[in-house]
Every structure is written in C-alpha cells, then in structure tokens.
$ cat my_file_31.txt   # compact mmCIF, N, CA and C atoms
# COMPACT_ATOMS: atom_id res chain seq x y z
N MET A 1 58.07 -115.46 0.03
CA MET A 1 58.44 -116.77 0.47
C MET A 1 58.20 -116.83 1.98
N PRO A 2 57.52 -117.88 2.51
CA PRO A 2 57.22 -117.97 3.93
C PRO A 2 58.49 -118.18 4.74
N LYS A 3 58.46 -117.65 5.96
CA LYS A 3 59.60 -117.82 6.86
C LYS A 3 59.59 -119.23 7.41
N ARG A 4 60.76 -119.77 7.61
CA ARG A 4 60.94 -121.12 8.09
C ARG A 4 60.92 -121.13 9.61
N LYS A 5 60.22 -122.07 10.21
CA LYS A 5 60.20 -122.21 11.66
C LYS A 5 61.47 -122.88 12.12
N ARG A 6 61.92 -122.48 13.28
CA ARG A 6 63.12 -123.08 13.85
C ARG A 6 62.73 -124.28 14.70
N ASP A 7 63.68 -125.14 14.95
CA ASP A 7 63.41 -126.38 15.67
C ASP A 7 63.07 -126.15 17.14
N SER A 8 63.62 -125.13 17.71
CA SER A 8 63.44 -124.92 19.15
C SER A 8 62.06 -124.33 19.43
N ASP A 9 61.38 -124.80 20.48
CA ASP A 9 60.07 -124.28 20.87
C ASP A 9 60.18 -122.89 21.47
N GLU A 10 61.34 -122.57 22.02
CA GLU A 10 61.51 -121.30 22.70
C GLU A 10 61.68 -120.14 21.71
N GLU A 11 62.18 -120.45 20.55
CA GLU A 11 62.41 -119.39 19.57
C GLU A 11 61.12 -119.14 18.77
N THR A 12 60.96 -117.95 18.33
CA THR A 12 59.78 -117.58 17.54
C THR A 12 60.21 -117.23 16.13
N THR A 13 59.25 -117.23 15.24
CA THR A 13 59.55 -116.87 13.86
C THR A 13 59.81 -115.37 13.78
N ALA A 14 60.36 -114.95 12.67
CA ALA A 14 60.65 -113.53 12.45
C ALA A 14 59.36 -112.72 12.45
N GLU A 15 58.31 -113.28 11.86
CA GLU A 15 57.03 -112.58 11.82
C GLU A 15 56.47 -112.39 13.22
N GLU A 16 56.54 -113.45 14.04
CA GLU A 16 56.03 -113.36 15.39
C GLU A 16 56.84 -112.38 16.22
N SER A 17 58.14 -112.36 16.04
CA SER A 17 58.97 -111.47 16.83
C SER A 17 58.72 -110.01 16.43
N ASP A 18 58.48 -109.78 15.12
CA ASP A 18 58.17 -108.42 14.67
C ASP A 18 56.85 -107.97 15.27
N ALA A 19 55.87 -108.85 15.29
CA ALA A 19 54.56 -108.51 15.83
C ALA A 19 54.65 -108.23 17.32
N SER A 20 55.43 -109.03 18.04
CA SER A 20 55.52 -108.82 19.48
C SER A 20 56.32 -107.56 19.79
N SER A 21 57.33 -107.25 18.98
CA SER A 21 58.11 -106.06 19.25
C SER A 21 57.28 -104.80 19.00
N VAL A 22 56.36 -104.85 18.04
CA VAL A 22 55.50 -103.71 17.80
C VAL A 22 54.57 -103.51 18.96
N SER A 23 54.01 -104.59 19.49
CA SER A 23 53.06 -104.46 20.60
C SER A 23 53.78 -104.11 21.90
N ASP A 24 55.09 -104.44 22.00
CA ASP A 24 55.83 -104.11 23.21
C ASP A 24 56.21 -102.63 23.25
N ARG A 25 56.24 -102.00 22.12
CA ARG A 25 56.62 -100.58 22.08
C ARG A 25 55.51 -99.75 22.70
N LYS A 26 55.93 -98.76 23.45
CA LYS A 26 54.95 -97.85 24.04
C LYS A 26 54.75 -96.68 23.09
N PRO A 27 53.51 -96.22 22.94
CA PRO A 27 53.29 -95.06 22.07
C PRO A 27 53.93 -93.82 22.68
N LYS A 28 54.36 -92.92 21.82
CA LYS A 28 54.96 -91.69 22.31
C LYS A 28 53.90 -90.87 23.00
N LYS A 29 54.29 -90.32 24.13
CA LYS A 29 53.36 -89.49 24.87
C LYS A 29 53.45 -88.06 24.36
N ARG A 30 52.30 -87.46 24.25
CA ARG A 30 52.25 -86.06 23.85
C ARG A 30 52.34 -85.22 25.11
N PRO A 31 52.98 -84.08 25.01
CA PRO A 31 53.06 -83.22 26.19
C PRO A 31 51.66 -82.75 26.57
N THR A 32 51.39 -82.74 27.84
CA THR A 32 50.08 -82.30 28.32
C THR A 32 50.24 -81.01 29.07
N LYS A 33 49.13 -80.30 29.22
CA LYS A 33 49.17 -79.05 29.96
C LYS A 33 49.33 -79.37 31.44
N THR A 34 50.10 -78.59 32.10
CA THR A 34 50.25 -78.78 33.54
C THR A 34 49.06 -78.15 34.22
N SER A 35 48.81 -78.55 35.42
CA SER A 35 47.65 -78.04 36.14
C SER A 35 47.77 -76.54 36.37
N ALA A 36 48.98 -76.00 36.44
CA ALA A 36 49.15 -74.58 36.66
C ALA A 36 48.75 -73.77 35.43
N SER A 37 48.93 -74.33 34.24
CA SER A 37 48.62 -73.56 33.02
C SER A 37 47.19 -73.73 32.56
N LYS A 38 46.43 -74.65 33.14
CA LYS A 38 45.07 -74.92 32.67
C LYS A 38 44.14 -73.73 32.86
N GLY A 39 44.20 -73.05 33.98
CA GLY A 39 43.26 -71.97 34.26
C GLY A 39 43.70 -70.63 33.72
N LYS A 40 44.93 -70.50 33.25
CA LYS A 40 45.44 -69.22 32.82
C LYS A 40 45.12 -68.97 31.35
N ALA A 41 44.76 -67.74 31.05
CA ALA A 41 44.53 -67.36 29.66
C ALA A 41 45.85 -66.92 29.06
N LYS A 42 45.98 -67.11 27.76
CA LYS A 42 47.20 -66.70 27.08
C LYS A 42 47.26 -65.19 27.05
N ALA A 43 48.44 -64.66 27.31
CA ALA A 43 48.63 -63.23 27.22
C ALA A 43 48.79 -62.88 25.74
N PRO A 44 48.22 -61.74 25.29
CA PRO A 44 48.37 -61.38 23.88
C PRO A 44 49.82 -61.09 23.56
N ALA A 45 50.21 -61.36 22.33
CA ALA A 45 51.57 -61.09 21.89
C ALA A 45 51.83 -59.60 21.99
N GLU A 46 53.08 -59.24 22.18
CA GLU A 46 53.43 -57.84 22.34
C GLU A 46 52.98 -57.04 21.12
N GLY A 47 52.31 -55.94 21.36
CA GLY A 47 51.84 -55.10 20.27
C GLY A 47 50.50 -55.53 19.71
N LYS A 48 50.00 -56.69 20.11
CA LYS A 48 48.72 -57.18 19.63
C LYS A 48 47.75 -57.23 20.80
N THR A 49 46.78 -56.37 20.77
CA THR A 49 45.74 -56.38 21.78
C THR A 49 44.42 -56.62 21.10
N LYS A 50 43.46 -57.03 21.87
CA LYS A 50 42.14 -57.29 21.32
C LYS A 50 41.53 -55.98 20.85
N ALA A 51 41.08 -55.96 19.61
CA ALA A 51 40.52 -54.74 19.04
C ALA A 51 39.18 -54.43 19.69
N PRO A 52 38.91 -53.17 19.91
CA PRO A 52 37.61 -52.82 20.47
C PRO A 52 36.52 -53.08 19.45
N ALA A 53 35.31 -53.23 19.94
CA ALA A 53 34.18 -53.49 19.05
C ALA A 53 34.04 -52.34 18.07
N PRO A 54 33.78 -52.63 16.78
CA PRO A 54 33.68 -51.56 15.80
C PRO A 54 32.51 -50.65 16.09
N SER A 55 32.69 -49.38 15.77
CA SER A 55 31.61 -48.43 15.99
C SER A 55 30.54 -48.65 14.93
N ALA A 56 29.42 -47.99 15.12
CA ALA A 56 28.30 -48.17 14.21
C ALA A 56 28.67 -47.66 12.82
N ALA A 57 28.12 -48.30 11.79
CA ALA A 57 28.38 -47.92 10.41
C ALA A 57 27.69 -46.60 10.11
N GLU A 58 28.31 -45.81 9.26
CA GLU A 58 27.76 -44.53 8.85
C GLU A 58 26.74 -44.75 7.74
N GLU A 59 25.54 -44.18 7.88
CA GLU A 59 24.50 -44.35 6.87
C GLU A 59 24.54 -43.23 5.84
N LYS A 60 24.37 -43.59 4.56
CA LYS A 60 24.35 -42.63 3.46
C LYS A 60 23.26 -43.03 2.48
N GLU A 61 23.05 -42.19 1.45
CA GLU A 61 22.01 -42.49 0.45
C GLU A 61 22.45 -42.00 -0.92
N ILE A 62 22.19 -42.83 -1.95
CA ILE A 62 22.44 -42.46 -3.35
C ILE A 62 21.21 -42.87 -4.15
N ASN A 63 20.63 -41.91 -4.89
CA ASN A 63 19.46 -42.18 -5.73
C ASN A 63 18.36 -42.93 -4.99
N GLY A 64 18.11 -42.57 -3.77
CA GLY A 64 17.04 -43.18 -2.98
C GLY A 64 17.40 -44.53 -2.38
N VAL A 65 18.61 -45.00 -2.57
CA VAL A 65 19.05 -46.28 -2.01
C VAL A 65 19.94 -46.00 -0.80
N LYS A 66 19.53 -46.49 0.34
CA LYS A 66 20.32 -46.30 1.55
C LYS A 66 21.41 -47.35 1.63
N TYR A 67 22.61 -46.91 2.00
CA TYR A 67 23.72 -47.83 2.19
C TYR A 67 24.52 -47.38 3.40
N LYS A 68 25.41 -48.23 3.84
CA LYS A 68 26.22 -47.94 5.01
C LYS A 68 27.69 -48.06 4.64
N VAL A 69 28.52 -47.37 5.40
CA VAL A 69 29.97 -47.46 5.25
C VAL A 69 30.52 -47.98 6.57
N SER A 70 31.19 -49.12 6.51
CA SER A 70 31.74 -49.74 7.72
C SER A 70 32.95 -48.94 8.20
N PRO A 71 33.36 -49.15 9.45
CA PRO A 71 34.57 -48.48 9.95
C PRO A 71 35.81 -48.82 9.12
N GLU A 72 35.79 -49.97 8.41
CA GLU A 72 36.91 -50.36 7.55
C GLU A 72 36.85 -49.66 6.20
N GLY A 73 35.78 -48.90 5.93
CA GLY A 73 35.65 -48.18 4.67
C GLY A 73 34.92 -48.94 3.58
N GLU A 74 34.31 -50.08 3.90
CA GLU A 74 33.57 -50.87 2.91
C GLU A 74 32.12 -50.39 2.85
N SER A 75 31.64 -50.11 1.64
CA SER A 75 30.25 -49.69 1.45
C SER A 75 29.40 -50.94 1.27
N TYR A 76 28.23 -50.95 1.92
CA TYR A 76 27.36 -52.11 1.78
C TYR A 76 25.90 -51.74 1.89
N VAL A 77 25.07 -52.59 1.27
CA VAL A 77 23.63 -52.46 1.33
C VAL A 77 23.11 -53.73 1.99
N GLU A 78 22.28 -53.56 3.00
CA GLU A 78 21.66 -54.73 3.63
C GLU A 78 20.47 -55.13 2.79
N LEU A 79 20.49 -56.38 2.33
CA LEU A 79 19.43 -56.87 1.45
C LEU A 79 18.22 -57.32 2.24
N GLY A 80 18.31 -57.32 3.56
CA GLY A 80 17.18 -57.64 4.39
C GLY A 80 16.88 -59.12 4.44
N GLY A 81 15.73 -59.41 4.95
CA GLY A 81 15.33 -60.80 5.08
C GLY A 81 15.86 -61.41 6.35
N LYS A 82 15.42 -62.62 6.59
CA LYS A 82 15.79 -63.34 7.80
C LYS A 82 17.26 -63.76 7.81
N LEU A 83 17.84 -64.00 6.63
CA LEU A 83 19.19 -64.53 6.55
C LEU A 83 20.29 -63.47 6.57
N ARG A 84 19.91 -62.19 6.65
CA ARG A 84 20.89 -61.11 6.79
C ARG A 84 21.92 -61.10 5.67
N LYS A 85 21.47 -60.91 4.48
CA LYS A 85 22.37 -60.86 3.33
C LYS A 85 22.82 -59.42 3.10
N ARG A 86 24.07 -59.28 2.60
CA ARG A 86 24.62 -57.96 2.30
C ARG A 86 25.27 -57.97 0.93
N LEU A 87 25.19 -56.84 0.27
CA LEU A 87 25.95 -56.60 -0.95
C LEU A 87 27.02 -55.58 -0.54
N THR A 88 28.28 -55.98 -0.61
CA THR A 88 29.38 -55.16 -0.12
C THR A 88 30.38 -54.91 -1.24
N ILE A 89 30.89 -53.68 -1.28
CA ILE A 89 31.97 -53.35 -2.21
C ILE A 89 33.24 -53.26 -1.39
N ARG A 90 34.22 -54.09 -1.76
CA ARG A 90 35.46 -54.16 -0.97
C ARG A 90 36.67 -54.29 -1.87
N GLU A 91 37.82 -54.03 -1.29
CA GLU A 91 39.11 -54.21 -1.96
C GLU A 91 39.76 -55.47 -1.41
N PHE A 92 40.29 -56.30 -2.33
CA PHE A 92 41.01 -57.50 -1.91
C PHE A 92 42.18 -57.69 -2.85
N ARG A 93 43.37 -57.67 -2.31
CA ARG A 93 44.61 -57.81 -3.09
C ARG A 93 44.64 -56.85 -4.28
N GLY A 94 44.22 -55.63 -4.04
CA GLY A 94 44.28 -54.60 -5.07
C GLY A 94 43.14 -54.62 -6.06
N ALA A 95 42.21 -55.55 -5.94
CA ALA A 95 41.08 -55.65 -6.87
C ALA A 95 39.80 -55.26 -6.15
N THR A 96 38.93 -54.54 -6.85
CA THR A 96 37.62 -54.19 -6.31
C THR A 96 36.68 -55.36 -6.54
N LEU A 97 36.01 -55.79 -5.48
CA LEU A 97 35.07 -56.91 -5.57
C LEU A 97 33.70 -56.50 -5.08
N ILE A 98 32.69 -57.06 -5.68
CA ILE A 98 31.31 -56.90 -5.22
C ILE A 98 30.95 -58.24 -4.59
N ASP A 99 30.67 -58.21 -3.31
CA ASP A 99 30.48 -59.42 -2.52
C ASP A 99 29.03 -59.51 -2.08
N ILE A 100 28.36 -60.59 -2.43
CA ILE A 100 26.99 -60.84 -1.97
C ILE A 100 27.08 -62.03 -1.04
N ARG A 101 26.77 -61.81 0.24
CA ARG A 101 27.08 -62.83 1.24
C ARG A 101 26.10 -62.79 2.39
N GLU A 102 25.87 -63.96 3.01
CA GLU A 102 25.09 -64.05 4.24
C GLU A 102 25.99 -63.68 5.41
N PHE A 103 25.43 -63.01 6.40
CA PHE A 103 26.15 -62.66 7.61
C PHE A 103 25.48 -63.31 8.81
N TYR A 104 26.25 -63.51 9.86
CA TYR A 104 25.72 -64.07 11.09
C TYR A 104 26.22 -63.23 12.26
N GLU A 105 25.51 -63.33 13.38
CA GLU A 105 25.91 -62.59 14.58
C GLU A 105 26.81 -63.46 15.43
N ASP A 106 28.02 -62.98 15.69
CA ASP A 106 28.98 -63.69 16.54
C ASP A 106 28.45 -63.64 17.97
N LYS A 107 28.23 -64.80 18.57
CA LYS A 107 27.63 -64.86 19.90
C LYS A 107 28.51 -64.27 20.98
N SER A 108 29.84 -64.41 20.83
CA SER A 108 30.73 -63.92 21.88
C SER A 108 30.89 -62.40 21.84
N SER A 109 30.95 -61.80 20.64
CA SER A 109 31.18 -60.36 20.56
C SER A 109 29.92 -59.58 20.17
N GLY A 110 28.93 -60.26 19.60
CA GLY A 110 27.71 -59.59 19.18
C GLY A 110 27.82 -58.87 17.85
N GLU A 111 28.98 -58.94 17.19
CA GLU A 111 29.14 -58.26 15.91
C GLU A 111 28.75 -59.17 14.75
N MET A 112 28.41 -58.54 13.62
CA MET A 112 28.05 -59.28 12.42
C MET A 112 29.31 -59.70 11.69
N LYS A 113 29.38 -60.97 11.30
CA LYS A 113 30.55 -61.51 10.59
C LYS A 113 30.08 -62.21 9.32
N PRO A 114 30.93 -62.20 8.27
CA PRO A 114 30.55 -62.86 7.01
C PRO A 114 30.54 -64.37 7.16
N GLY A 115 29.55 -65.01 6.55
CA GLY A 115 29.46 -66.46 6.55
C GLY A 115 30.11 -67.06 5.31
N LYS A 116 30.01 -68.38 5.19
CA LYS A 116 30.60 -69.09 4.05
C LYS A 116 29.80 -68.89 2.77
N LYS A 117 28.48 -68.77 2.93
CA LYS A 117 27.61 -68.73 1.76
C LYS A 117 27.63 -67.35 1.13
N GLY A 118 28.09 -67.30 -0.11
CA GLY A 118 28.12 -66.04 -0.82
C GLY A 118 28.98 -66.14 -2.06
N ILE A 119 29.07 -65.03 -2.76
CA ILE A 119 29.87 -64.98 -3.99
C ILE A 119 30.52 -63.61 -4.09
N SER A 120 31.74 -63.59 -4.60
CA SER A 120 32.46 -62.34 -4.87
C SER A 120 32.59 -62.21 -6.38
N LEU A 121 32.20 -61.06 -6.89
CA LEU A 121 32.26 -60.80 -8.32
C LEU A 121 33.26 -59.68 -8.60
N SER A 122 34.02 -59.83 -9.68
CA SER A 122 34.88 -58.74 -10.12
C SER A 122 33.98 -57.65 -10.71
N VAL A 123 34.54 -56.48 -10.95
CA VAL A 123 33.76 -55.39 -11.53
C VAL A 123 33.21 -55.80 -12.91
N ASP A 124 34.01 -56.48 -13.72
CA ASP A 124 33.55 -56.93 -15.05
C ASP A 124 32.39 -57.92 -14.92
N GLU A 125 32.50 -58.86 -13.98
CA GLU A 125 31.42 -59.83 -13.76
C GLU A 125 30.16 -59.12 -13.27
N TRP A 126 30.32 -58.12 -12.41
CA TRP A 126 29.18 -57.35 -11.90
C TRP A 126 28.48 -56.64 -13.07
N ARG A 127 29.27 -56.03 -13.95
CA ARG A 127 28.68 -55.32 -15.11
C ARG A 127 27.96 -56.30 -16.03
N ASP A 128 28.51 -57.50 -16.21
CA ASP A 128 27.83 -58.53 -17.01
C ASP A 128 26.50 -58.90 -16.37
N LEU A 129 26.48 -59.02 -15.06
CA LEU A 129 25.24 -59.34 -14.34
C LEU A 129 24.21 -58.24 -14.54
N LEU A 130 24.64 -56.99 -14.44
CA LEU A 130 23.72 -55.87 -14.62
C LEU A 130 23.18 -55.79 -16.04
N ARG A 131 24.02 -56.14 -17.03
CA ARG A 131 23.57 -56.14 -18.44
C ARG A 131 22.44 -57.13 -18.65
N THR A 132 22.45 -58.22 -17.92
CA THR A 132 21.42 -59.25 -18.10
C THR A 132 20.22 -59.03 -17.18
N SER A 133 20.28 -58.03 -16.30
CA SER A 133 19.23 -57.87 -15.29
C SER A 133 17.85 -57.62 -15.88
N GLU A 134 17.76 -56.83 -16.95
CA GLU A 134 16.46 -56.55 -17.55
C GLU A 134 15.83 -57.84 -18.10
N ALA A 135 16.62 -58.64 -18.79
CA ALA A 135 16.12 -59.92 -19.32
C ALA A 135 15.73 -60.86 -18.17
N MET A 136 16.52 -60.87 -17.12
CA MET A 136 16.23 -61.74 -15.97
C MET A 136 14.93 -61.32 -15.29
N ASN A 137 14.67 -60.01 -15.19
CA ASN A 137 13.42 -59.52 -14.60
C ASN A 137 12.22 -60.01 -15.41
N ILE A 138 12.35 -60.00 -16.73
CA ILE A 138 11.26 -60.49 -17.59
C ILE A 138 11.03 -61.96 -17.35
N LEU A 139 12.12 -62.74 -17.25
CA LEU A 139 11.99 -64.19 -17.02
C LEU A 139 11.38 -64.48 -15.64
N VAL A 140 11.75 -63.69 -14.64
CA VAL A 140 11.20 -63.90 -13.28
C VAL A 140 9.70 -63.62 -13.27
N GLU A 141 9.30 -62.54 -13.93
CA GLU A 141 7.88 -62.15 -13.94
C GLU A 141 7.07 -63.03 -14.88
N GLY A 142 7.73 -63.69 -15.80
CA GLY A 142 7.03 -64.55 -16.77
C GLY A 142 6.78 -63.79 -18.06
N PRO A 143 6.94 -64.47 -19.20
CA PRO A 143 6.76 -63.79 -20.52
C PRO A 143 5.32 -63.43 -20.80
$ encode --input "my_file_31.txt" --output "structure tokens"
Amino acid sequence: MPKRKRDSDEETTAEESDASSVSDRKPKKRPTKTSASKGKAKAPAEGKTKAPAPSAAEEKEINGVKYKVSPEGESYVELGGKLRKRLTIREFRGATLIDIREFYEDKSSGEMKPGKKGISLSVDEWRDLLRTSEAMNILVEGP
C-alpha cells in the first residue's frame, strides 16, 4: 500500500526520509596501515623461520629407469618435455598416491613447485591404469 503524503511541504514521506537517511550515513572506515608500518616486513612467528632452499634430489635407478628422491622422501620421475611434468609417489593422509602433475619454477625462490594441472591416483587406480596400458598402446599405434 503506498504511503500517504502529508499536508505540510516541509515534511517528507517515509520513503523519502528512509532514502535520505541512508545517503546521510557515512560508510564505515576500514583501518588503514600507518605510514610507520608500511615499509616494515612482518617478523616471522616465534619458532617459524623461513625454510632454507631444499637440497638437490638424490638420483637413483630401477630397471634402467632413472628417478629422483626429494628431500621430503618423495620418489619421482621427470617425464620431460617443455611443460615439466612429473610422476611422483607420495603419502597424503595415510594413503599412497601416484601423482602426475605439471610443475613450474617459482620466480622468487627458483624452486620447482606443483601446478594445478594434474591428477592423483590411488594405488588401485594406478594398477587399473597399468592393466589397460597394453591395450592403450595398441590403440595409440593404430590397429
């Protein structure tokens, strides 16, 4: 139901007064950094320091296939190519995973880090993939 206008010219309708009160309100200001804190870097939390760059991975070989073991204990094979793909065996929440993923070089530290593109397979999924590998090779080469 529309609001009724009052007889006096000085008074406004309820809708107009609500609109004007909203526009009269000032937005809340967010706290800003003071000029003294702008140039300062945050100190690390107690007990937490920046980790040193990881040492080089240890190279090993099984059945003619070269692989590396990272300082974290993860075994991986570099699949080569321009996109720097790796096949890594890792533990996550108590489960062994086979991870096939693209890596990129972190510009600030120079170390290789995992990218978004990739897939993690459980051991059962990995075995299923290997079971189909012979048939897939035939399909890739053509019947």
$ atom_distance --input "my_file_31.txt" --atom1 "atom CA of A:Gly115" --atom2 "atom CA of A:Glu91"
17.8 Å
$ select_by_dssp --input "my_file_31.txt" --residues "stretch 78-142 of chain A" --states "alpha helix (DSSP H)" --output "list in words"
Val123, Asp124, Glu125, Trp126, Arg127, Asp128, Leu129, Leu130, Arg131, Thr132, Ser133, Glu134, Ala135, Met136, Asn137, Ile138, Leu139, Val140 and Glu141 of chain A
$ atom_distance --input "my_file_31.txt" --atom1 "atom N of A:Phe92" --atom2 "atom CA of A:Glu78"
19.6 Å
$ closest_residue --input "my_file_31.txt" --among "A:Arg101, A:Trp126, A:Gly81, A:Thr88" --to "A:Pro114" --atoms "all atoms listed in the file"
A:Arg101
$ atom_distance --input "my_file_31.txt" --atom1 "atom CA of A:Arg86" --atom2 "atom CA of A:Gly142"
26.8 Å
$ build_atoms --input "my_file_31.txt" --residues "stretch 57-74 of chain A" --atoms "N, CA, C and O atoms" --output "mmCIF file, keeping the file's coordinate frame"
data_model
loop_
_atom_site.group_PDB
_atom_site.id
_atom_site.type_symbol
_atom_site.label_atom_id
_atom_site.label_comp_id
_atom_site.auth_asym_id
_atom_site.auth_seq_id
_atom_site.Cartn_x
_atom_site.Cartn_y
_atom_site.Cartn_z
ATOM 1 N N ALA A 57 28.120 -48.300 11.790
ATOM 2 C CA ALA A 57 28.380 -47.920 10.410
ATOM 3 C C ALA A 57 27.690 -46.600 10.110
ATOM 4 O O ALA A 57 26.605 -46.300 10.623
ATOM 5 N N GLU A 58 28.310 -45.810 9.260
ATOM 6 C CA GLU A 58 27.760 -44.530 8.850
ATOM 7 C C GLU A 58 26.740 -44.750 7.740
ATOM 8 O O GLU A 58 27.024 -45.449 6.774
ATOM 9 N N GLU A 59 25.540 -44.180 7.880
ATOM 10 C CA GLU A 59 24.500 -44.350 6.870
ATOM 11 C C GLU A 59 24.540 -43.230 5.840
ATOM 12 O O GLU A 59 24.717 -42.074 6.197
ATOM 13 N N LYS A 60 24.370 -43.590 4.560
ATOM 14 C CA LYS A 60 24.350 -42.630 3.460
ATOM 15 C C LYS A 60 23.260 -43.030 2.480
ATOM 16 O O LYS A 60 22.631 -44.075 2.627
ATOM 17 N N GLU A 61 23.050 -42.190 1.450
ATOM 18 C CA GLU A 61 22.010 -42.490 0.450
ATOM 19 C C GLU A 61 22.450 -42.000 -0.920
ATOM 20 O O GLU A 61 23.024 -40.918 -1.049
ATOM 21 N N ILE A 62 22.190 -42.830 -1.950
ATOM 22 C CA ILE A 62 22.440 -42.460 -3.350
ATOM 23 C C ILE A 62 21.210 -42.870 -4.150
ATOM 24 O O ILE A 62 20.798 -44.029 -4.100
ATOM 25 N N ASN A 63 20.630 -41.910 -4.890
ATOM 26 C CA ASN A 63 19.460 -42.180 -5.730
ATOM 27 C C ASN A 63 18.360 -42.930 -4.990
ATOM 28 O O ASN A 63 17.752 -43.852 -5.529
ATOM 29 N N GLY A 64 18.110 -42.570 -3.770
ATOM 30 C CA GLY A 64 17.040 -43.180 -2.980
ATOM 31 C C GLY A 64 17.400 -44.530 -2.380
ATOM 32 O O GLY A 64 16.575 -45.149 -1.718
ATOM 33 N N VAL A 65 18.610 -45.000 -2.570
ATOM 34 C CA VAL A 65 19.050 -46.280 -2.010
ATOM 35 C C VAL A 65 19.940 -46.000 -0.800
ATOM 36 O O VAL A 65 20.965 -45.316 -0.931
ATOM 37 N N LYS A 66 19.530 -46.490 0.340
ATOM 38 C CA LYS A 66 20.320 -46.300 1.550
ATOM 39 C C LYS A 66 21.410 -47.350 1.630
ATOM 40 O O LYS A 66 21.176 -48.514 1.335
ATOM 41 N N TYR A 67 22.610 -46.910 2.000
ATOM 42 C CA TYR A 67 23.720 -47.830 2.190
ATOM 43 C C TYR A 67 24.520 -47.380 3.400
ATOM 44 O O TYR A 67 24.314 -46.289 3.927
ATOM 45 N N LYS A 68 25.410 -48.230 3.840
ATOM 46 C CA LYS A 68 26.220 -47.940 5.010
ATOM 47 C C LYS A 68 27.690 -48.060 4.640
ATOM 48 O O LYS A 68 28.060 -48.773 3.708
ATOM 49 N N VAL A 69 28.520 -47.370 5.400
ATOM 50 C CA VAL A 69 29.970 -47.460 5.250
ATOM 51 C C VAL A 69 30.520 -47.980 6.570
ATOM 52 O O VAL A 69 30.310 -47.363 7.616
ATOM 53 N N SER A 70 31.190 -49.120 6.510
ATOM 54 C CA SER A 70 31.740 -49.740 7.720
ATOM 55 C C SER A 70 32.950 -48.940 8.200
ATOM 56 O O SER A 70 33.526 -48.162 7.444
ATOM 57 N N PRO A 71 33.360 -49.150 9.450
ATOM 58 C CA PRO A 71 34.570 -48.480 9.950
ATOM 59 C C PRO A 71 35.810 -48.820 9.120
ATOM 60 O O PRO A 71 36.765 -48.056 9.079
ATOM 61 N N GLU A 72 35.790 -49.970 8.410
ATOM 62 C CA GLU A 72 36.910 -50.360 7.550
ATOM 63 C C GLU A 72 36.850 -49.660 6.200
ATOM 64 O O GLU A 72 37.735 -49.843 5.361
ATOM 65 N N GLY A 73 35.780 -48.900 5.930
ATOM 66 C CA GLY A 73 35.650 -48.180 4.670
ATOM 67 C C GLY A 73 34.920 -48.940 3.580
ATOM 68 O O GLY A 73 34.894 -48.499 2.428
ATOM 69 N N GLU A 74 34.310 -50.080 3.900
ATOM 70 C CA GLU A 74 33.570 -50.870 2.910
ATOM 71 C C GLU A 74 32.120 -50.390 2.850
ATOM 72 O O GLU A 74 31.459 -50.261 3.871
#
